[in-house]
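Asks: entry.txt is the file, holding compact mmCIF, C-alpha atoms and all ligand atoms:
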# COMPACT_ATOMS: atom_id res chain seq x y z
CA MET A 1 53.13 100.43 116.33
CA ASN A 2 53.74 96.68 116.26
CA LEU A 3 57.42 96.65 117.27
CA ALA A 4 57.90 92.93 116.66
CA ARG A 5 57.47 93.61 112.93
CA TYR A 6 60.45 95.98 112.88
CA ALA A 7 62.73 94.08 115.31
CA ARG A 8 65.41 93.34 112.69
CA GLN A 9 65.97 97.06 112.02
CA THR A 10 65.35 98.54 115.49
CA ILE A 11 68.10 96.23 116.80
CA LEU A 12 70.49 98.35 114.71
CA SER A 13 71.87 100.98 117.08
CA GLU A 14 71.69 103.62 114.29
CA VAL A 15 67.92 103.02 114.04
CA GLY A 16 66.62 102.00 117.46
CA LEU A 17 63.18 102.85 118.76
CA ALA A 18 63.83 106.57 118.25
CA GLY A 19 64.63 106.06 114.56
CA GLN A 20 61.63 103.80 114.07
CA THR A 21 59.38 106.41 115.67
CA ARG A 22 60.77 109.12 113.35
CA LEU A 23 60.18 106.82 110.37
CA LYS A 24 56.58 106.35 111.51
CA LYS A 25 56.11 110.14 111.57
CA THR A 26 57.60 110.64 108.08
CA ARG A 27 55.50 111.32 105.01
CA VAL A 28 57.10 110.17 101.75
CA ILE A 29 55.79 110.78 98.23
CA CYS A 30 56.90 108.58 95.33
CA ILE A 31 56.45 110.03 91.84
CA GLY A 32 55.91 107.09 89.50
CA VAL A 33 55.36 103.50 90.57
CA GLY A 34 57.26 101.86 87.75
CA GLY A 35 60.59 100.05 87.75
CA LEU A 36 62.05 102.28 90.50
CA GLY A 37 58.92 103.14 92.46
CA ALA A 38 57.83 99.52 92.81
CA PRO A 39 60.82 98.25 94.85
CA ALA A 40 61.19 101.61 96.63
CA THR A 41 57.59 101.65 97.90
CA LEU A 42 57.66 97.94 98.82
CA TYR A 43 60.73 98.40 101.05
CA LEU A 44 59.41 101.65 102.54
CA ALA A 45 56.06 100.11 103.41
CA ALA A 46 57.81 97.07 104.89
CA ALA A 47 60.09 99.33 106.95
CA GLY A 48 57.12 101.15 108.48
CA VAL A 49 57.24 104.63 106.95
CA GLY A 50 54.18 106.48 108.32
CA THR A 51 52.56 107.80 105.14
CA LEU A 52 53.37 106.84 101.58
CA GLY A 53 51.92 108.90 98.72
CA ILE A 54 52.07 107.50 95.20
CA VAL A 55 51.56 109.46 91.98
CA ASP A 56 51.03 107.64 88.70
CA PHE A 57 48.52 108.13 85.87
CA ASP A 58 49.30 104.84 84.18
CA ARG A 59 47.70 101.41 84.07
CA VAL A 60 49.52 98.09 84.44
CA ASP A 61 50.69 96.80 81.07
CA GLU A 62 52.15 93.40 80.29
CA ILE A 63 55.40 95.08 79.20
CA ASN A 64 55.80 96.46 82.78
CA LEU A 65 55.90 93.04 84.45
CA GLN A 66 59.55 92.37 83.53
CA ARG A 67 60.65 94.89 86.18
CA GLN A 68 57.71 96.51 88.03
CA ILE A 69 57.48 93.95 90.84
CA LEU A 70 54.45 95.51 92.55
CA PHE A 71 52.18 94.08 89.86
CA ASP A 72 51.24 90.60 88.70
CA SER A 73 49.82 89.13 85.51
CA THR A 74 46.20 89.27 86.72
CA GLU A 75 46.40 93.05 87.19
CA VAL A 76 47.09 94.10 83.59
CA GLY A 77 44.79 96.99 82.67
CA LYS A 78 44.20 98.19 86.24
CA LEU A 79 45.32 101.59 87.56
CA LYS A 80 48.81 101.26 88.99
CA VAL A 81 48.08 103.36 92.08
CA ASP A 82 45.05 101.18 92.96
CA VAL A 83 47.00 97.94 92.62
CA ALA A 84 49.96 99.42 94.52
CA LYS A 85 47.73 100.62 97.38
CA ARG A 86 46.18 97.18 97.85
CA ARG A 87 49.53 95.43 97.70
CA LEU A 88 51.31 97.84 100.08
CA GLU A 89 48.44 97.86 102.59
CA GLY A 90 48.51 94.06 102.53
CA LEU A 91 52.23 94.11 103.19
CA ASN A 92 51.94 96.55 106.10
CA PRO A 93 48.51 97.74 107.33
CA GLU A 94 50.24 100.27 109.63
CA VAL A 95 51.26 102.42 106.64
CA LEU A 96 48.82 105.03 105.33
CA ILE A 97 48.81 104.89 101.53
CA GLU A 98 47.63 108.01 99.66
CA THR A 99 47.10 107.75 95.91
CA TYR A 100 47.12 110.31 93.09
CA PRO A 101 45.94 108.73 89.80
CA CYS A 102 47.35 111.56 87.67
CA GLY A 103 50.57 112.78 86.16
CA LEU A 104 52.68 115.33 88.04
CA THR A 105 52.29 118.67 86.26
CA ALA A 106 53.36 122.26 86.75
CA GLY A 107 49.77 122.85 87.87
CA ASN A 108 49.57 120.23 90.64
CA ALA A 109 53.19 119.60 91.71
CA LEU A 110 53.38 122.13 94.55
CA LYS A 111 49.96 121.22 95.92
CA ILE A 112 50.75 117.49 96.03
CA LEU A 113 54.37 117.66 97.20
CA SER A 114 53.67 120.19 99.95
CA HIS A 115 51.97 117.48 102.04
CA TYR A 116 55.18 115.43 102.31
CA ASP A 117 58.64 115.43 103.90
CA ILE A 118 60.66 113.47 101.32
CA VAL A 119 60.19 113.06 97.54
CA ILE A 120 61.25 109.95 95.63
CA ASP A 121 61.88 110.46 91.92
CA GLY A 122 60.79 107.21 90.29
CA THR A 123 60.24 108.74 86.85
CA ASP A 124 61.91 107.81 83.59
CA ASN A 125 62.12 111.09 81.70
CA PHE A 126 63.96 114.38 81.95
CA ALA A 127 60.84 116.54 81.84
CA ALA A 128 59.48 114.97 85.04
CA LYS A 129 62.86 115.09 86.78
CA PHE A 130 63.23 118.83 86.17
CA LEU A 131 59.67 119.47 87.33
CA ILE A 132 60.19 117.41 90.52
CA ASN A 133 63.44 119.25 91.21
CA ASP A 134 62.00 122.71 90.75
CA ALA A 135 58.95 121.96 92.91
CA ALA A 136 61.12 120.41 95.65
CA VAL A 137 63.53 123.36 95.66
CA ARG A 138 60.58 125.72 96.05
CA LEU A 139 59.22 123.69 98.96
CA GLY A 140 62.63 123.01 100.56
CA LEU A 141 62.21 119.22 100.26
CA PRO A 142 64.87 116.54 99.66
CA VAL A 143 64.58 114.46 96.47
CA VAL A 144 65.86 110.90 96.43
CA TYR A 145 66.77 110.64 92.78
CA GLY A 146 67.10 107.47 90.71
CA SER A 147 67.63 106.78 87.05
CA ILE A 148 68.16 103.62 85.01
CA SER A 149 69.05 102.81 81.43
CA ARG A 150 70.29 99.58 79.86
CA PHE A 151 72.75 98.12 82.43
CA GLU A 152 73.37 101.35 84.32
CA GLY A 153 71.76 102.97 87.32
CA GLN A 154 72.25 106.23 89.22
CA VAL A 155 71.21 107.33 92.71
CA SER A 156 71.65 110.61 94.54
CA VAL A 157 69.99 112.87 97.08
CA PHE A 158 69.29 116.44 95.99
CA TRP A 159 68.38 118.93 98.70
CA ALA A 160 68.96 122.61 97.97
CA LYS A 161 68.72 123.51 101.68
CA HIS A 162 71.78 121.43 102.50
CA GLY A 163 73.54 120.74 99.19
CA PRO A 164 73.11 120.70 95.43
CA CYS A 165 69.87 120.28 93.49
CA TYR A 166 69.34 118.35 90.26
CA ARG A 167 69.91 121.50 88.20
CA CYS A 168 73.32 121.95 89.83
CA LEU A 169 74.17 118.72 87.96
CA TYR A 170 72.07 119.30 84.82
CA PRO A 171 71.26 123.06 84.58
CA VAL A 172 68.82 122.75 81.71
CA CYS A 173 66.94 120.00 79.98
CA PRO A 174 69.40 118.47 77.48
CA ASP A 175 68.67 119.15 73.84
CA THR A 176 70.97 116.37 72.73
CA PRO A 177 69.09 113.16 72.03
CA VAL A 178 68.43 111.10 75.17
CA MET A 179 66.68 107.77 75.10
CA ASN A 180 64.36 106.46 77.82
CA CYS A 181 63.79 102.84 78.86
CA ALA A 182 61.17 102.31 76.17
CA GLU A 183 63.76 103.02 73.49
CA SER A 184 67.05 101.85 74.97
CA GLY A 185 65.88 98.92 77.12
CA VAL A 186 66.74 98.10 80.72
CA LEU A 187 67.47 94.99 82.75
CA GLY A 188 64.71 94.51 85.33
CA ALA A 189 67.08 93.71 88.18
CA ILE A 190 68.84 97.09 87.71
CA ALA A 191 65.52 98.78 88.51
CA GLY A 192 65.35 96.60 91.62
CA ILE A 193 68.86 97.58 92.74
CA ILE A 194 68.41 101.31 92.19
CA GLY A 195 64.83 101.46 93.55
CA SER A 196 65.98 99.59 96.67
CA MET A 197 68.87 102.04 97.11
CA GLN A 198 66.35 104.89 96.91
CA ALA A 199 64.36 103.22 99.70
CA ALA A 200 67.53 102.94 101.81
CA GLU A 201 68.42 106.60 101.25
CA THR A 202 64.88 107.63 102.15
CA ILE A 203 64.97 105.64 105.38
CA LYS A 204 68.35 107.17 106.28
CA LEU A 205 66.99 110.68 105.70
CA ALA A 206 63.85 109.91 107.69
CA ILE A 207 65.62 108.60 110.77
CA GLN A 208 68.46 111.11 110.99
CA GLY A 209 67.94 113.99 108.57
CA THR A 210 71.13 115.40 107.12
CA ASP A 211 73.35 114.57 110.09
CA LEU A 212 76.62 113.35 108.72
CA GLY A 213 77.59 110.13 110.38
CA PRO A 214 77.66 106.46 109.61
CA LEU A 215 74.34 106.89 107.78
CA ALA A 216 75.40 109.83 105.60
CA PRO A 217 72.97 110.21 102.69
CA LEU A 218 74.20 110.54 99.10
CA LEU A 219 73.79 114.31 99.37
CA GLY A 220 76.26 116.00 97.01
CA ARG A 221 77.31 112.62 95.66
CA LEU A 222 76.09 110.77 92.57
CA PHE A 223 76.36 107.00 92.80
CA VAL A 224 76.65 105.31 89.40
CA LEU A 225 76.63 101.55 88.96
CA ASP A 226 77.41 99.88 85.65
CA CYS A 227 75.99 96.39 86.12
CA ALA A 228 77.57 95.19 82.85
CA THR A 229 80.95 95.28 84.63
CA MET A 230 79.72 95.79 88.22
CA ALA A 231 81.95 98.86 88.40
CA PRO A 232 80.58 101.41 90.91
CA PHE A 233 81.58 105.08 90.84
CA ILE A 234 80.75 107.95 93.15
CA PHE A 235 81.00 111.44 91.66
CA GLN A 236 81.01 114.56 93.81
CA VAL A 237 78.21 116.97 92.84
CA PRO A 238 79.04 120.46 94.09
CA LYS A 239 76.37 123.08 94.73
CA LYS A 240 76.62 125.35 91.71
CA THR A 241 76.80 129.09 91.98
CA GLY A 242 74.40 130.47 89.40
CA CYS A 243 72.26 127.30 89.44
CA PRO A 244 69.01 128.22 87.63
CA ALA A 245 66.92 126.69 90.45
CA CYS A 246 68.63 126.79 93.83
CA SER A 247 70.64 130.01 93.53
CA ILE A 248 67.59 132.25 93.04
CA PRO A 249 64.83 133.21 95.50
CA VAL A 250 62.34 130.34 95.69
CA ASP A 251 59.38 132.49 94.68
CA GLN A 252 61.15 133.20 91.37
CA ILE A 253 61.26 129.51 90.43
CA HIS A 254 58.57 128.98 87.81
CA LEU A 255 57.45 125.44 87.21
CA SER A 256 56.89 124.33 83.65
CA ASP A 257 55.88 121.19 81.80
CA LEU A 258 58.81 120.38 79.58
CA THR A 259 57.28 117.41 77.79
CA GLU A 260 57.53 118.98 74.36
CA VAL A 261 61.09 120.19 74.87
CA CYS A 262 62.60 116.96 76.11
CA VAL A 263 62.02 114.75 73.13
CA ALA A 264 63.98 111.56 72.96
CA LYS A 265 65.97 110.47 69.94
CA LEU A 266 63.96 108.70 67.34
CA GLU A 267 65.38 106.13 64.98
CA GLU A 268 65.25 107.38 61.38
CA LEU A 269 65.41 105.15 58.33
CA SER A 270 66.46 106.10 54.82
CA VAL A 271 64.44 104.76 51.89
CA MET A 272 67.11 102.13 51.25
CA GLU A 273 67.09 101.01 54.89
CA LEU A 274 63.31 100.76 54.80
CA MET A 275 63.44 98.68 51.62
CA ASN A 276 65.85 96.29 53.33
CA GLU A 277 63.46 95.94 56.27
CA ILE A 278 60.49 95.27 54.00
CA GLY A 279 62.60 92.73 52.13
CA ARG A 280 63.23 90.75 55.30
CA LYS A 281 59.46 90.04 55.58
CA ASP A 282 59.66 89.86 59.36
CA LYS A 283 56.07 89.26 60.56
CA SER A 284 56.64 91.12 63.86
CA VAL A 285 57.43 94.38 62.04
CA ALA A 286 54.54 96.57 60.89
CA LEU A 287 54.84 99.37 58.34
CA ILE A 288 52.25 102.03 59.18
CA ASP A 289 51.15 104.93 57.01
CA VAL A 290 49.91 107.69 59.31
CA ARG A 291 48.54 110.00 56.58
CA GLU A 292 44.82 110.60 56.14
CA ALA A 293 42.69 108.09 54.19
CA GLU A 294 42.53 110.27 51.01
CA GLU A 295 46.31 110.53 50.86
CA TRP A 296 46.57 106.78 51.44
CA HIS A 297 44.19 106.02 48.55
CA ASP A 298 46.28 108.20 46.23
CA GLY A 299 49.17 105.79 46.67
CA HIS A 300 51.17 104.14 49.44
CA ILE A 301 54.12 101.88 50.10
CA PRO A 302 53.26 98.21 49.39
CA GLY A 303 52.65 96.21 52.58
CA ALA A 304 51.74 99.24 54.70
CA VAL A 305 48.57 99.63 56.78
CA ASN A 306 46.82 102.97 57.22
CA VAL A 307 46.37 104.39 60.74
CA PRO A 308 45.88 108.18 60.37
CA LEU A 309 47.68 110.34 62.92
CA SER A 310 44.40 112.22 63.54
CA LEU A 311 42.90 108.96 64.87
CA LEU A 312 46.04 107.83 66.70
CA SER A 313 46.37 111.18 68.54
CA LYS A 314 42.83 110.77 69.86
CA THR A 315 43.01 107.14 71.00
CA ARG A 316 46.73 107.10 71.94
CA THR A 317 46.49 103.30 72.02
CA LEU A 318 47.72 100.62 69.66
CA PRO A 319 45.11 99.79 67.01
CA ALA A 320 43.48 96.36 67.52
CA GLY A 321 45.62 93.55 66.15
CA LEU A 322 48.88 95.43 66.58
CA GLY A 323 49.21 94.61 70.29
CA LEU A 324 52.03 92.09 70.02
CA LEU A 325 54.29 94.01 67.69
CA ARG A 326 57.99 94.08 68.36
CA ARG A 327 58.75 96.81 65.86
CA VAL A 328 56.81 99.55 64.13
CA VAL A 329 58.04 101.65 61.22
CA VAL A 330 55.91 104.69 60.46
CA TYR A 331 55.87 107.07 57.54
CA CYS A 332 53.84 110.06 56.35
CA GLN A 333 54.14 112.50 53.46
CA SER A 334 57.31 114.36 54.42
CA GLY A 335 58.47 112.95 57.78
CA MET A 336 56.81 115.38 60.20
CA ARG A 337 53.60 113.59 61.20
CA SER A 338 55.47 110.29 61.41
CA ARG A 339 57.63 111.74 64.19
CA GLN A 340 54.55 112.50 66.29
CA ALA A 341 53.04 109.10 65.54
CA ALA A 342 56.31 107.37 66.47
CA ARG A 343 56.26 109.06 69.88
CA ILE A 344 52.75 107.72 70.49
CA PHE A 345 53.83 104.17 69.58
CA ILE A 346 56.79 104.55 71.99
CA GLU A 347 54.38 105.70 74.73
CA CYS A 348 52.23 102.64 73.94
CA GLY A 349 55.23 100.46 74.76
CA VAL A 350 56.24 99.18 71.32
CA PRO A 351 59.83 98.07 72.01
CA SER A 352 61.28 99.32 68.72
CA VAL A 353 59.96 102.27 66.69
CA ALA A 354 61.45 103.99 63.66
CA HIS A 355 60.22 106.44 61.04
CA LEU A 356 61.01 107.07 57.38
CA ARG A 357 63.08 110.21 56.89
CA GLY A 358 61.44 112.37 54.23
CA GLY A 359 58.29 110.20 54.06
CA MET A 360 56.49 109.45 50.77
CA VAL A 361 58.30 112.35 49.10
CA ALA A 362 61.66 110.65 49.66
CA TRP A 363 60.19 107.27 48.70
CA ALA A 364 58.80 108.61 45.39
CA GLU A 365 62.19 110.13 44.50
CA VAL A 366 63.89 106.75 44.73
CA MET A 367 61.15 104.58 43.21
ZN ZN B 1 70.89 123.83 92.19
So that I can check it, write out the structure of this file as structure tokens.
Replies:
Amino acid sequence: MNLARYARQTILSEVGLAGQTRLKKTRVICIGVGGLGAPATLYLAAAGVGTLGIVDFDRVDEINLQRQILFDSTEVGKLKVDVAKRRLEGLNPEVLIETYPCGLTAGNALKILSHYDIVIDGTDNFAAKFLINDAAVRLGLPVVYGSISRFEGQVSVFWAKHGPCYRCLYPVCPDTPVMNCAESGVLGAIAGIIGSMQAAETIKLAIQGTDLGPLAPLLGRLFVLDCATMAPFIFQVPKKTGCPACSIPVDQIHLSDLTEVCVAKLEELSVMELMNEIGRKDKSVALIDVREAEEWHDGHIPGAVNVPLSLLSKTRTLPAGLGLLRRVVVYCQSGMRSRQAARIFIECGVPSVAHLRGGMVAWAEVM
């Protein structure tokens, strides 16, 4: 270990050579290298964590660059884990970087996480957060949790062995509408603040475990920062009796992929609202008919383009020529297929997506 590199932190009496050595022996896994994972992994690599695993299925997209500071403009289109590995190894060749170019699923979560000591939750959706929690509770691992939306960020440490888990705070996946960054927006610097705090919490856990002292981790406490007013709050999170994850024997915790359950709120337009949008003739808004070609030829809303859901579900990418859209409004026959299509456009990173409630049926009633 090149001690000169770490001199500014080993001089801290709470760290010292002993703490630095423990950090070097620690294996950390970061789920998601997006807005939170990027600053978290950069600071952890710089600090000399021994092994850093990164899990992400995604490729660098231009829309990521506003906050995902691991990536630069020349890397658009490349696998995030590949770019991250190169960048982090360049920053600190002493850190072993292990990459998983896949999503975390109920099928692979235990296998991947079991190789590590600390889990960082850098994801942006409830489904992933519940899966990470349940896998970590089963394996007895601490999770350094982070979450961001608009101007607000949250950080906590969940560790069922020594305190509450994520389900002690949120027992089940919420069925009320919740928006993710793609829908509600986020200030890039908030991701930097919260991701950096996750790195700090991880380092504290690595060098001293759960010992309460001057470096007490945010175990049992939820830190919430509203950057619009810069008002910080710390909420106590008690361990919950009857928690669906950490109050039952670990072998009874069944992991599941909740993607279909945790659907975010989708903006719905009435026929009148859609007519107003069409009337504004805003060139950055596209009206897309996601019905099949035969249905389209039988009649459609003037100004719409036809991209059948059957095609969109296969490619799951924006059709050529629609790459720079700011807003997409989709419709189908009755408002069911357009919901699915809208989700795909949200996944593709279109900043604003809405669908027509009731589809062509509702349109025909008014026209
Ligand atoms: Zn719990």
Asks: Taking all atoms listed in the file into account, report as a ChimeraX atom specification which residues have an atom no farther than 12 Å from an atom of ligand ZN 1 (chain B).
Replies: /A:130,133-134,136-138,140,158-172,220,237-250,253
Asks: Keeping only C-alpha atoms, take the residues you just selected and write them out as an mmCIF file, keeping the file's coordinate frame.
Replies:
data_model
loop_
_atom_site.group_PDB
_atom_site.id
_atom_site.type_symbol
_atom_site.label_atom_id
_atom_site.label_comp_id
_atom_site.auth_asym_id
_atom_site.auth_seq_id
_atom_site.Cartn_x
_atom_site.Cartn_y
_atom_site.Cartn_z
ATOM 1 C CA PHE A 130 63.230 118.830 86.170
ATOM 2 C CA ASN A 133 63.440 119.250 91.210
ATOM 3 C CA ASP A 134 62.000 122.710 90.750
ATOM 4 C CA ALA A 136 61.120 120.410 95.650
ATOM 5 C CA VAL A 137 63.530 123.360 95.660
ATOM 6 C CA ARG A 138 60.580 125.720 96.050
ATOM 7 C CA GLY A 140 62.630 123.010 100.560
ATOM 8 C CA PHE A 158 69.290 116.440 95.990
ATOM 9 C CA TRP A 159 68.380 118.930 98.700
ATOM 10 C CA ALA A 160 68.960 122.610 97.970
ATOM 11 C CA LYS A 161 68.720 123.510 101.680
ATOM 12 C CA HIS A 162 71.780 121.430 102.500
ATOM 13 C CA GLY A 163 73.540 120.740 99.190
ATOM 14 C CA PRO A 164 73.110 120.700 95.430
ATOM 15 C CA CYS A 165 69.870 120.280 93.490
ATOM 16 C CA TYR A 166 69.340 118.350 90.260
ATOM 17 C CA ARG A 167 69.910 121.500 88.200
ATOM 18 C CA CYS A 168 73.320 121.950 89.830
ATOM 19 C CA LEU A 169 74.170 118.720 87.960
ATOM 20 C CA TYR A 170 72.070 119.300 84.820
ATOM 21 C CA PRO A 171 71.260 123.060 84.580
ATOM 22 C CA VAL A 172 68.820 122.750 81.710
ATOM 23 C CA GLY A 220 76.260 116.000 97.010
ATOM 24 C CA VAL A 237 78.210 116.970 92.840
ATOM 25 C CA PRO A 238 79.040 120.460 94.090
ATOM 26 C CA LYS A 239 76.370 123.080 94.730
ATOM 27 C CA LYS A 240 76.620 125.350 91.710
ATOM 28 C CA THR A 241 76.800 129.090 91.980
ATOM 29 C CA GLY A 242 74.400 130.470 89.400
ATOM 30 C CA CYS A 243 72.260 127.300 89.440
ATOM 31 C CA PRO A 244 69.010 128.220 87.630
ATOM 32 C CA ALA A 245 66.920 126.690 90.450
ATOM 33 C CA CYS A 246 68.630 126.790 93.830
ATOM 34 C CA SER A 247 70.640 130.010 93.530
ATOM 35 C CA ILE A 248 67.590 132.250 93.040
ATOM 36 C CA PRO A 249 64.830 133.210 95.500
ATOM 37 C CA VAL A 250 62.340 130.340 95.690
ATOM 38 C CA ILE A 253 61.260 129.510 90.430
#
Asks: As a list in words, please: the residues near Gln66 in chain A (cut-off 10 Å, all atoms listed in the file, same-chain neighbours under 4 positions excluded).
Replies: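 Neighbouring residues, sequence-local ones excluded: Gly35, Glu62, Phe71, Asp72, Val186, Leu187, Gly188 and Ala189 of chain A.
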Asks: Which is closest to Ala18 in chain A among A:Ile118, A:Ala191, A:Leu222, A:Ile207, if we use all atoms listed in the file?
Replies: A:Ile207
Asks: Can you work out which one of A:Ile346, A:Gly359, A:Glu94, A:Val60 has the shortest atom-to-atom distance to Val76 in chain A, counting only C-alpha atoms?
Replies: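 Counting only C-alpha atoms, the residue closest to Val76 in chain A is A:Val60.
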Asks: Tell me which of A:Ala364, A:Ile301, A:Ala135, A:Leu225 sits closest to Gln252 in chain A, counting only C-alpha atoms.
Replies: A:Ala135
Asks: Hey, what's within 6 Å of Tyr145 in chain A if we count only C-alpha atoms and toss same-chain stuff fewer than 3 positions away? As a JSON list (two decimals) with C-alpha atoms, in the frame of the given file, please?
Replies:
[["chain", "number", "residue", "atom", "x", "y", "z"],
["A", 121, "ASP", "CA", 61.88, 110.46, 91.92],
["A", 155, "VAL", "CA", 71.21, 107.33, 92.71],
["A", 156, "SER", "CA", 71.65, 110.61, 94.54],
["A", 157, "VAL", "CA", 69.99, 112.87, 97.08]]
Asks: Skipping near chain neighbours, those fewer than 6 positions away, what residues fall within 12 Å of range 82-86 of chain A using only C-alpha atoms, listed as a PyMOL selection string?
Replies: chain A and resi 30+32-34+37-42+45+51-60+68-76+92-93+95-102
Asks: Please enclose the listed atoms of range 207-216 of chain A in an axis-aligned box, pad each side by 4 Å, and write out the centre and the three edge lengths in Å, rounded to one decimal, as lines of an AutoDock Vina configuration file.
Replies:
center_x = 71.6
center_y = 110.9
center_z = 108.3
size_x = 20.0
size_y = 16.9
size_z = 13.4
Asks: Point out the residue among A:Glu292, A:Glu201, A:Asp226, A:Glu365 with the least atom-to-atom distance to Val271 in chain A, counting all atoms listed in the file.
Replies: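 Nearest candidate to Val271 in chain A out of A:Glu292, A:Glu201, A:Asp226, A:Glu365: A:Glu365.
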Asks: Nearest residue to Arg67 in chain A out of A:Ala286, A:Met1, A:Ile193, A:Ile31, using all atoms listed in the file?
Replies: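 Checking each of A:Ala286, A:Met1, A:Ile193, A:Ile31 against Arg67 in chain A, counting all atoms listed in the file, the winner is A:Ile193.
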